[in-house]
>>> print(open('model_14.cif').read())   # mmCIF, C-alpha atoms
data_data
#
loop_
_atom_site.group_PDB
_atom_site.id
_atom_site.type_symbol
_atom_site.label_atom_id
_atom_site.label_comp_id
_atom_site.auth_asym_id
_atom_site.auth_seq_id
_atom_site.Cartn_x
_atom_site.Cartn_y
_atom_site.Cartn_z
ATOM 1 C CA MET W 1128 187.350 51.044 101.546
ATOM 2 C CA PRO W 1129 186.521 47.464 100.688
ATOM 3 C CA LYS W 1130 186.887 46.273 97.141
ATOM 4 C CA SER W 1131 184.007 44.521 95.448
ATOM 5 C CA SER W 1132 183.939 42.228 92.463
ATOM 6 C CA ASP W 1133 180.358 43.273 91.781
ATOM 7 C CA GLU W 1134 179.182 45.552 88.964
ATOM 8 C CA HIS W 1135 181.213 48.735 88.538
ATOM 9 C CA THR W 1136 179.633 51.848 87.133
ATOM 10 C CA SER W 1137 181.856 54.705 86.024
ATOM 11 C CA SER W 1138 181.161 58.096 84.502
ATOM 12 C CA GLY W 1139 184.568 59.660 84.014
ATOM 13 C CA GLY W 1140 184.743 61.827 80.937
ATOM 14 C CA ARG W 1141 187.385 61.911 78.220
ATOM 15 C CA GLY W 1142 190.128 64.320 79.053
ATOM 16 C CA SER W 1143 189.185 64.460 82.730
ATOM 17 C CA CYS W 1144 191.909 63.483 85.172
ATOM 18 C CA LEU W 1145 189.348 62.350 87.723
ATOM 19 C CA ASP W 1146 187.185 59.301 87.204
ATOM 20 C CA ILE W 1147 184.146 59.192 89.481
ATOM 21 C CA SER W 1148 182.498 55.820 89.979
ATOM 22 C CA LEU W 1149 179.860 54.182 92.146
ATOM 23 C CA GLN W 1150 179.948 50.499 92.938
ATOM 24 C CA PRO W 1151 178.251 48.079 95.336
ATOM 25 C CA ALA W 1152 180.233 46.584 98.204
ATOM 26 C CA ALA W 1153 179.160 43.723 100.444
ATOM 27 C CA SER W 1154 179.055 44.575 104.143
ATOM 28 C CA HIS W 1155 176.889 44.077 107.224
ATOM 29 C CA ILE W 1156 174.666 46.326 109.289
ATOM 30 C CA ARG W 1157 173.278 45.895 112.802
ATOM 31 C CA ALA W 1158 169.493 45.486 112.919
ATOM 32 C CA SER W 1159 167.454 46.941 115.793
ATOM 33 C CA ASP W 1160 167.307 43.480 117.409
ATOM 34 C CA GLY W 1161 171.123 43.321 117.455
ATOM 35 C CA ARG W 1162 171.546 40.878 114.553
ATOM 36 C CA GLU W 1163 174.167 41.545 111.895
ATOM 37 C CA ILE W 1164 172.544 41.260 108.482
ATOM 38 C CA PRO W 1165 174.130 41.358 105.020
ATOM 39 C CA PHE W 1166 173.836 44.889 103.646
ATOM 40 C CA THR W 1167 175.147 46.120 100.302
ATOM 41 C CA ARG W 1168 176.658 49.586 100.510
ATOM 42 C CA ALA W 1169 177.312 52.007 97.649
ATOM 43 C CA VAL W 1170 180.938 53.135 97.480
ATOM 44 C CA LEU W 1171 181.611 56.429 95.699
ATOM 45 C CA THR W 1172 185.193 56.550 94.402
ATOM 46 C CA MET W 1173 187.164 59.378 92.824
ATOM 47 C CA ARG W 1174 190.352 58.198 91.076
ATOM 48 C CA ASN W 1175 193.143 60.248 89.507
ATOM 49 C CA VAL W 1176 193.656 58.617 86.089
ATOM 50 C CA CYS W 1177 196.350 61.064 84.929
ATOM 51 C CA ASP W 1178 200.120 60.965 85.286
ATOM 52 C CA ALA W 1179 200.172 64.202 87.297
ATOM 53 C CA GLU W 1180 198.897 65.104 90.727
ATOM 54 C CA VAL W 1181 195.577 66.953 90.951
ATOM 55 C CA SER W 1182 195.063 69.535 93.677
ATOM 56 C CA ASP W 1183 192.413 71.870 95.068
ATOM 57 C CA VAL W 1184 189.925 69.034 94.579
ATOM 58 C CA VAL W 1185 186.355 69.838 95.572
ATOM 59 C CA LEU W 1186 183.815 67.058 95.144
ATOM 60 C CA HIS W 1187 180.192 68.184 94.810
ATOM 61 C CA ALA W 1188 177.062 66.054 95.270
ATOM 62 C CA THR W 1189 173.303 66.386 95.270
ATOM 63 C CA LEU W 1190 170.974 63.710 96.581
ATOM 64 C CA GLY W 1191 167.268 63.379 96.004
ATOM 65 C CA GLN W 1192 164.838 60.914 97.505
ATOM 66 C CA GLU W 1193 161.877 59.692 95.477
ATOM 67 C CA GLY W 1194 158.991 62.053 96.157
ATOM 68 C CA GLY W 1195 161.230 64.443 98.088
ATOM 69 C CA THR W 1196 163.551 67.329 97.496
ATOM 70 C CA VAL W 1197 167.003 67.330 95.934
ATOM 71 C CA GLN W 1198 169.549 68.661 98.422
ATOM 72 C CA ASP W 1199 173.177 69.692 98.174
ATOM 73 C CA VAL W 1200 175.156 67.217 100.308
ATOM 74 C CA THR W 1201 178.628 68.437 99.315
ATOM 75 C CA HIS W 1202 179.568 69.200 102.936
ATOM 76 C CA ALA W 1203 179.409 65.481 103.790
ATOM 77 C CA LEU W 1204 182.237 64.758 101.326
ATOM 78 C CA ALA W 1205 184.766 67.235 102.743
ATOM 79 C CA ARG W 1206 187.985 65.398 103.683
ATOM 80 C CA PRO W 1207 191.531 66.759 103.952
ATOM 81 C CA ASP W 1208 192.977 63.670 102.221
ATOM 82 C CA ALA W 1209 190.788 64.309 99.150
ATOM 83 C CA ALA W 1210 192.096 67.837 98.476
ATOM 84 C CA SER W 1211 195.078 66.495 96.547
ATOM 85 C CA ILE W 1212 195.280 63.137 94.762
ATOM 86 C CA ARG W 1213 198.488 61.621 93.413
ATOM 87 C CA PRO W 1214 198.524 59.808 90.054
ATOM 88 C CA ARG W 1215 196.590 56.509 90.129
ATOM 89 C CA ASP W 1216 195.443 57.103 93.738
ATOM 90 C CA ALA W 1217 191.796 57.167 94.769
ATOM 91 C CA VAL W 1218 189.559 58.372 97.581
ATOM 92 C CA SER W 1219 186.282 56.644 98.512
ATOM 93 C CA TRP W 1220 183.133 57.349 100.532
ATOM 94 C CA TYR W 1221 180.207 55.204 101.714
ATOM 95 C CA VAL W 1222 176.964 56.716 100.403
ATOM 96 C CA TYR W 1223 174.696 55.192 103.071
ATOM 97 C CA ASP W 1224 176.910 56.284 105.962
ATOM 98 C CA LEU W 1225 177.784 59.811 104.784
ATOM 99 C CA LEU W 1226 175.409 61.127 102.135
ATOM 100 C CA LEU W 1227 172.043 59.786 103.299
ATOM 101 C CA PRO W 1228 172.464 61.311 106.787
ATOM 102 C CA ALA W 1229 173.419 64.630 105.111
ATOM 103 C CA HIS W 1230 170.001 64.773 103.384
ATOM 104 C CA SER W 1231 167.670 66.179 106.048
ATOM 105 C CA GLY W 1232 164.550 64.346 104.865
ATOM 106 C CA THR W 1233 166.294 60.983 104.724
ATOM 107 C CA ALA W 1234 168.343 61.515 107.893
ATOM 108 C CA SER W 1235 165.276 61.856 110.096
ATOM 109 C CA LYS W 1236 163.787 58.621 108.695
ATOM 110 C CA VAL W 1237 167.039 56.681 109.082
ATOM 111 C CA HIS W 1238 167.368 57.997 112.643
ATOM 112 C CA MET W 1239 163.853 56.767 113.521
ATOM 113 C CA PHE W 1240 163.662 53.515 111.538
ATOM 114 C CA GLY W 1241 167.269 52.532 110.844
ATOM 115 C CA TYR W 1242 168.250 50.904 107.567
ATOM 116 C CA ARG W 1243 164.614 49.899 106.897
ATOM 117 C CA ALA W 1244 163.888 53.575 106.131
ATOM 118 C CA VAL W 1245 165.773 53.335 102.828
ATOM 119 C CA LEU W 1246 164.165 50.131 101.561
ATOM 120 C CA ASN W 1247 162.282 50.343 98.257
ATOM 121 C CA TRP W 1248 162.903 54.083 97.818
ATOM 122 C CA ARG W 1249 164.717 55.494 94.811
ATOM 123 C CA PHE W 1250 167.631 57.825 95.548
ATOM 124 C CA ASP W 1251 169.128 59.993 92.798
ATOM 125 C CA LEU W 1252 172.773 60.924 93.231
ATOM 126 C CA ALA W 1253 174.634 63.462 91.071
ATOM 127 C CA VAL W 1254 178.376 64.014 91.580
ATOM 128 C CA TRP W 1255 181.046 66.164 89.928
ATOM 129 C CA ALA W 1256 184.434 67.519 90.906
ATOM 130 C CA GLU W 1257 186.453 70.669 90.386
ATOM 131 C CA TYR W 1258 190.235 70.435 90.517
ATOM 132 C CA ARG W 1259 193.541 71.842 89.294
ATOM 133 C CA LEU W 1260 196.030 69.791 87.342
ATOM 134 C CA SER W 1261 199.607 70.293 88.463
ATOM 135 C CA GLY W 1262 201.153 73.024 86.310
ATOM 136 C CA SER W 1263 197.870 74.289 84.831
ATOM 137 C CA THR W 1264 196.631 77.835 85.210
ATOM 138 C CA GLY W 1265 192.884 77.270 85.448
ATOM 139 C CA PRO W 1266 190.467 74.943 87.187
ATOM 140 C CA GLU W 1267 189.064 71.827 85.508
ATOM 141 C CA GLN W 1268 185.682 70.193 86.052
ATOM 142 C CA THR W 1269 184.556 66.613 85.526
ATOM 143 C CA PRO W 1270 181.314 65.766 83.770
ATOM 144 C CA VAL W 1271 178.353 65.256 86.102
ATOM 145 C CA SER W 1272 177.903 61.587 86.996
ATOM 146 C CA ARG W 1273 174.355 60.463 87.867
ATOM 147 C CA TRP W 1274 173.009 57.285 89.394
ATOM 148 C CA ALA W 1275 169.750 55.934 90.774
ATOM 149 C CA LEU W 1276 170.077 53.726 93.857
ATOM 150 C CA ARG W 1277 167.473 51.406 95.371
ATOM 151 C CA TRP W 1278 167.940 49.143 98.402
ATOM 152 C CA SER W 1279 165.598 46.172 98.768
ATOM 153 C CA VAL W 1280 165.201 42.812 100.524
ATOM 154 C CA PRO W 1281 164.772 40.296 97.696
ATOM 155 C CA ASP W 1282 164.432 37.305 100.073
ATOM 156 C CA PRO W 1283 162.630 38.182 103.335
ATOM 157 C CA SER W 1284 163.693 34.857 104.887
ATOM 158 C CA THR W 1285 167.343 35.995 104.934
ATOM 159 C CA GLY W 1286 166.741 39.701 105.559
ATOM 160 C CA ALA W 1287 169.764 40.515 103.389
ATOM 161 C CA VAL W 1288 169.622 43.990 101.865
ATOM 162 C CA ALA W 1289 170.581 44.237 98.186
ATOM 163 C CA LEU W 1290 171.394 47.385 96.254
ATOM 164 C CA ALA W 1291 170.612 48.173 92.624
ATOM 165 C CA ILE W 1292 172.686 50.947 91.021
ATOM 166 C CA VAL W 1293 171.633 52.290 87.639
ATOM 167 C CA GLU W 1294 173.743 54.866 85.843
ATOM 168 C CA SER W 1295 171.673 57.722 84.401
ATOM 169 C CA LYS W 1296 172.615 59.201 81.044
ATOM 170 C CA GLU W 1297 171.620 62.857 80.807
#
>>> encode(input="model_14.cif", output="structure tokens")
Amino acid sequence: MPKSSDEHTSSGGRGSCLDISLQPAASHIRASDGREIPFTRAVLTMRNVCDAEVSDVVLHATLGQEGGTVQDVTHALARPDAASIRPRDAVSWYVYDLLLPAHSGTASKVHMFGYRAVLNWRFDLAVWAEYRLSGSTGPEQTPVSRWALRWSVPDPSTGAVALAIVESKE
């Protein structure tokens, strides 16, 4: 996953071995006319901040679109390389590419209208993980991390798509 020097929002809890964060990352997307336009993606990252390996990791997520339903999109995050995370390692996912298509209401709009379907809509993302710390007897769970995401085109002359990420405290 690309690294970004932009704003970094994290919601890892004290005592949790997994830190879950969401950050913007500059990229490009192909418009329907074939042009490549600047497009800011949201990168969801889960990092092991402990000195021991974590295993049996299951990342959960729900996604809601403004005016629509909240849906469980956990299945879109399933990856064999995320089941176990060594100390200081991390696993990342692109929200636009994986989670939005997993939300049935959003997927149909993105399929019909492309990236323009997400412009000026608020998306609410909630993420938490269950895992086992090496040598422990029971499962652990991270706090729930929540963000609101909104893609927009601040300058229509460039067509560049910006992303605002706001961490929700609940």
>>> closest_residue(input="model_14.cif", among="W:Ser1154, W:Ser1231, W:Ser1284, W:Gln1268", to="Asp1199 of chain W", atoms="all atoms listed in the file")
W:Ser1231
>>> atom_distance(input="model_14.cif", atom1="atom CA of Leu1171 of chain W", atom2="atom CA of His1238 of chain W")
22.2 Å
>>> atom_distance(input="model_14.cif", atom1="atom CA of Leu1246 of chain W", atom2="atom CA of Met1173 of chain W")
26.3 Å
>>> closest_residue(input="model_14.cif", among="W:Arg1277, W:His1202, W:Arg1162, W:Arg1213", to="Ala1188 of chain W", atoms="only C-alpha atoms")
W:His1202
>>> closest_residue(input="model_14.cif", among="W:Asn1247, W:Thr1269, W:Gln1192, W:Ser1219", to="Ala1205 of chain W", atoms="only C-alpha atoms")
W:Ser1219
>>> axis_aligned_box(input="model_14.cif", around="segment 1292-1295 of chain W", padding_each_side="5 Å", output="AutoDock Vina command-line options")
--center_x 172.7 --center_y 54.3 --center_z 87.7 --size_x 12.1 --size_y 16.8 --size_z 16.6
>>> closest_residue(input="model_14.cif", among="W:Thr1285, W:Ser1279, W:Ser1182, W:Gln1198", to="Thr1264 of chain W", atoms="only C-alpha atoms")
W:Ser1182
>>> atom_distance(input="model_14.cif", atom1="atom CA of Tyr1221 of chain W", atom2="atom CA of Ala1153 of chain W")
11.6 Å
>>> closest_residue(input="model_14.cif", among="W:Met1239, W:Val1218, W:Leu1149, W:Ser1261", to="Arg1206 of chain W", atoms="all atoms listed in the file")
W:Val1218
>>> residues_around(input="model_14.cif", residues="Trp1220 of chain W", least_positions_apart="2", cutoff="12 Å", atoms="all atoms listed in the file", output="ChimeraX atom specification")
/W:1128-1129,1147-1152,1168-1174,1186,1188,1203-1206,1208-1209,1217-1218,1222-1227
>>> write_last_selection(input="model_14.cif", atoms="C-alpha atoms", output="PDB file, in the coordinates of the input")
ATOM      1  CA  MET W1128     187.350  51.044 101.546  1.00  0.00           C
ATOM      2  CA  PRO W1129     186.521  47.464 100.688  1.00  0.00           C
ATOM      3  CA  ILE W1147     184.146  59.192  89.481  1.00  0.00           C
ATOM      4  CA  SER W1148     182.498  55.820  89.979  1.00  0.00           C
ATOM      5  CA  LEU W1149     179.860  54.182  92.146  1.00  0.00           C
ATOM      6  CA  GLN W1150     179.948  50.499  92.938  1.00  0.00           C
ATOM      7  CA  PRO W1151     178.251  48.079  95.336  1.00  0.00           C
ATOM      8  CA  ALA W1152     180.233  46.584  98.204  1.00  0.00           C
ATOM      9  CA  ARG W1168     176.658  49.586 100.510  1.00  0.00           C
ATOM     10  CA  ALA W1169     177.312  52.007  97.649  1.00  0.00           C
ATOM     11  CA  VAL W1170     180.938  53.135  97.480  1.00  0.00           C
ATOM     12  CA  LEU W1171     181.611  56.429  95.699  1.00  0.00           C
ATOM     13  CA  THR W1172     185.193  56.550  94.402  1.00  0.00           C
ATOM     14  CA  MET W1173     187.164  59.378  92.824  1.00  0.00           C
ATOM     15  CA  ARG W1174     190.352  58.198  91.076  1.00  0.00           C
ATOM     16  CA  LEU W1186     183.815  67.058  95.144  1.00  0.00           C
ATOM     17  CA  ALA W1188     177.062  66.054  95.270  1.00  0.00           C
ATOM     18  CA  ALA W1203     179.409  65.481 103.790  1.00  0.00           C
ATOM     19  CA  LEU W1204     182.237  64.758 101.326  1.00  0.00           C
ATOM     20  CA  ALA W1205     184.766  67.235 102.743  1.00  0.00           C
ATOM     21  CA  ARG W1206     187.985  65.398 103.683  1.00  0.00           C
ATOM     22  CA  ASP W1208     192.977  63.670 102.221  1.00  0.00           C
ATOM     23  CA  ALA W1209     190.788  64.309  99.150  1.00  0.00           C
ATOM     24  CA  ALA W1217     191.796  57.167  94.769  1.00  0.00           C
ATOM     25  CA  VAL W1218     189.559  58.372  97.581  1.00  0.00           C
ATOM     26  CA  VAL W1222     176.964  56.716 100.403  1.00  0.00           C
ATOM     27  CA  TYR W1223     174.696  55.192 103.071  1.00  0.00           C
ATOM     28  CA  ASP W1224     176.910  56.284 105.962  1.00  0.00           C
ATOM     29  CA  LEU W1225     177.784  59.811 104.784  1.00  0.00           C
ATOM     30  CA  LEU W1226     175.409  61.127 102.135  1.00  0.00           C
ATOM     31  CA  LEU W1227     172.043  59.786 103.299  1.00  0.00           C
TER      32      LEU W1227
END
>>> residues_around(input="model_14.cif", residues="segment 1287-1296 of chain W", least_positions_apart="2", cutoff="7 Å", atoms="all atoms listed in the file", output="ChimeraX atom specification")
/W:1136,1151,1164-1167,1273-1280,1285
>>> closest_residue(input="model_14.cif", among="W:Thr1196, W:Thr1201, W:Ser1235, W:Ser1159", to="Trp1255 of chain W", atoms="all atoms listed in the file")
W:Thr1201
>>> residues_around(input="model_14.cif", residues="Gly1262 of chain W", least_positions_apart="6", cutoff="12 Å", atoms="only C-alpha atoms", output="ChimeraX atom specification")
/W:1179-1182
>>> residues_around(input="model_14.cif", residues="Asp1178 of chain W", least_positions_apart="4", cutoff="9 Å", atoms="only C-alpha atoms", output="list in words")
Cys1144, Arg1213, Pro1214 and Arg1215 of chain W
>>> decode(input="model_14.cif", residues="segment 1250-1262 of chain W", atoms="C-alpha atoms", output="tab-separated table (two decimals), in the first residue's frame")
chain	number	residue	atom	x	y	z
W	1250	PHE	CA	-20.00	7.26	4.26
W	1251	ASP	CA	-19.78	5.99	7.84
W	1252	LEU	CA	-17.23	3.27	8.48
W	1253	ALA	CA	-16.92	1.29	11.73
W	1254	VAL	CA	-14.09	-1.22	12.17
W	1255	TRP	CA	-12.92	-3.52	14.97
W	1256	ALA	CA	-10.83	-6.66	15.21
W	1257	GLU	CA	-10.79	-9.86	17.23
W	1258	TYR	CA	-7.49	-11.64	17.73
W	1259	ARG	CA	-5.40	-13.87	19.99
W	1260	LEU	CA	-2.12	-12.76	21.47
W	1261	SER	CA	0.58	-15.41	21.31
W	1262	GLY	CA	0.51	-17.38	24.57
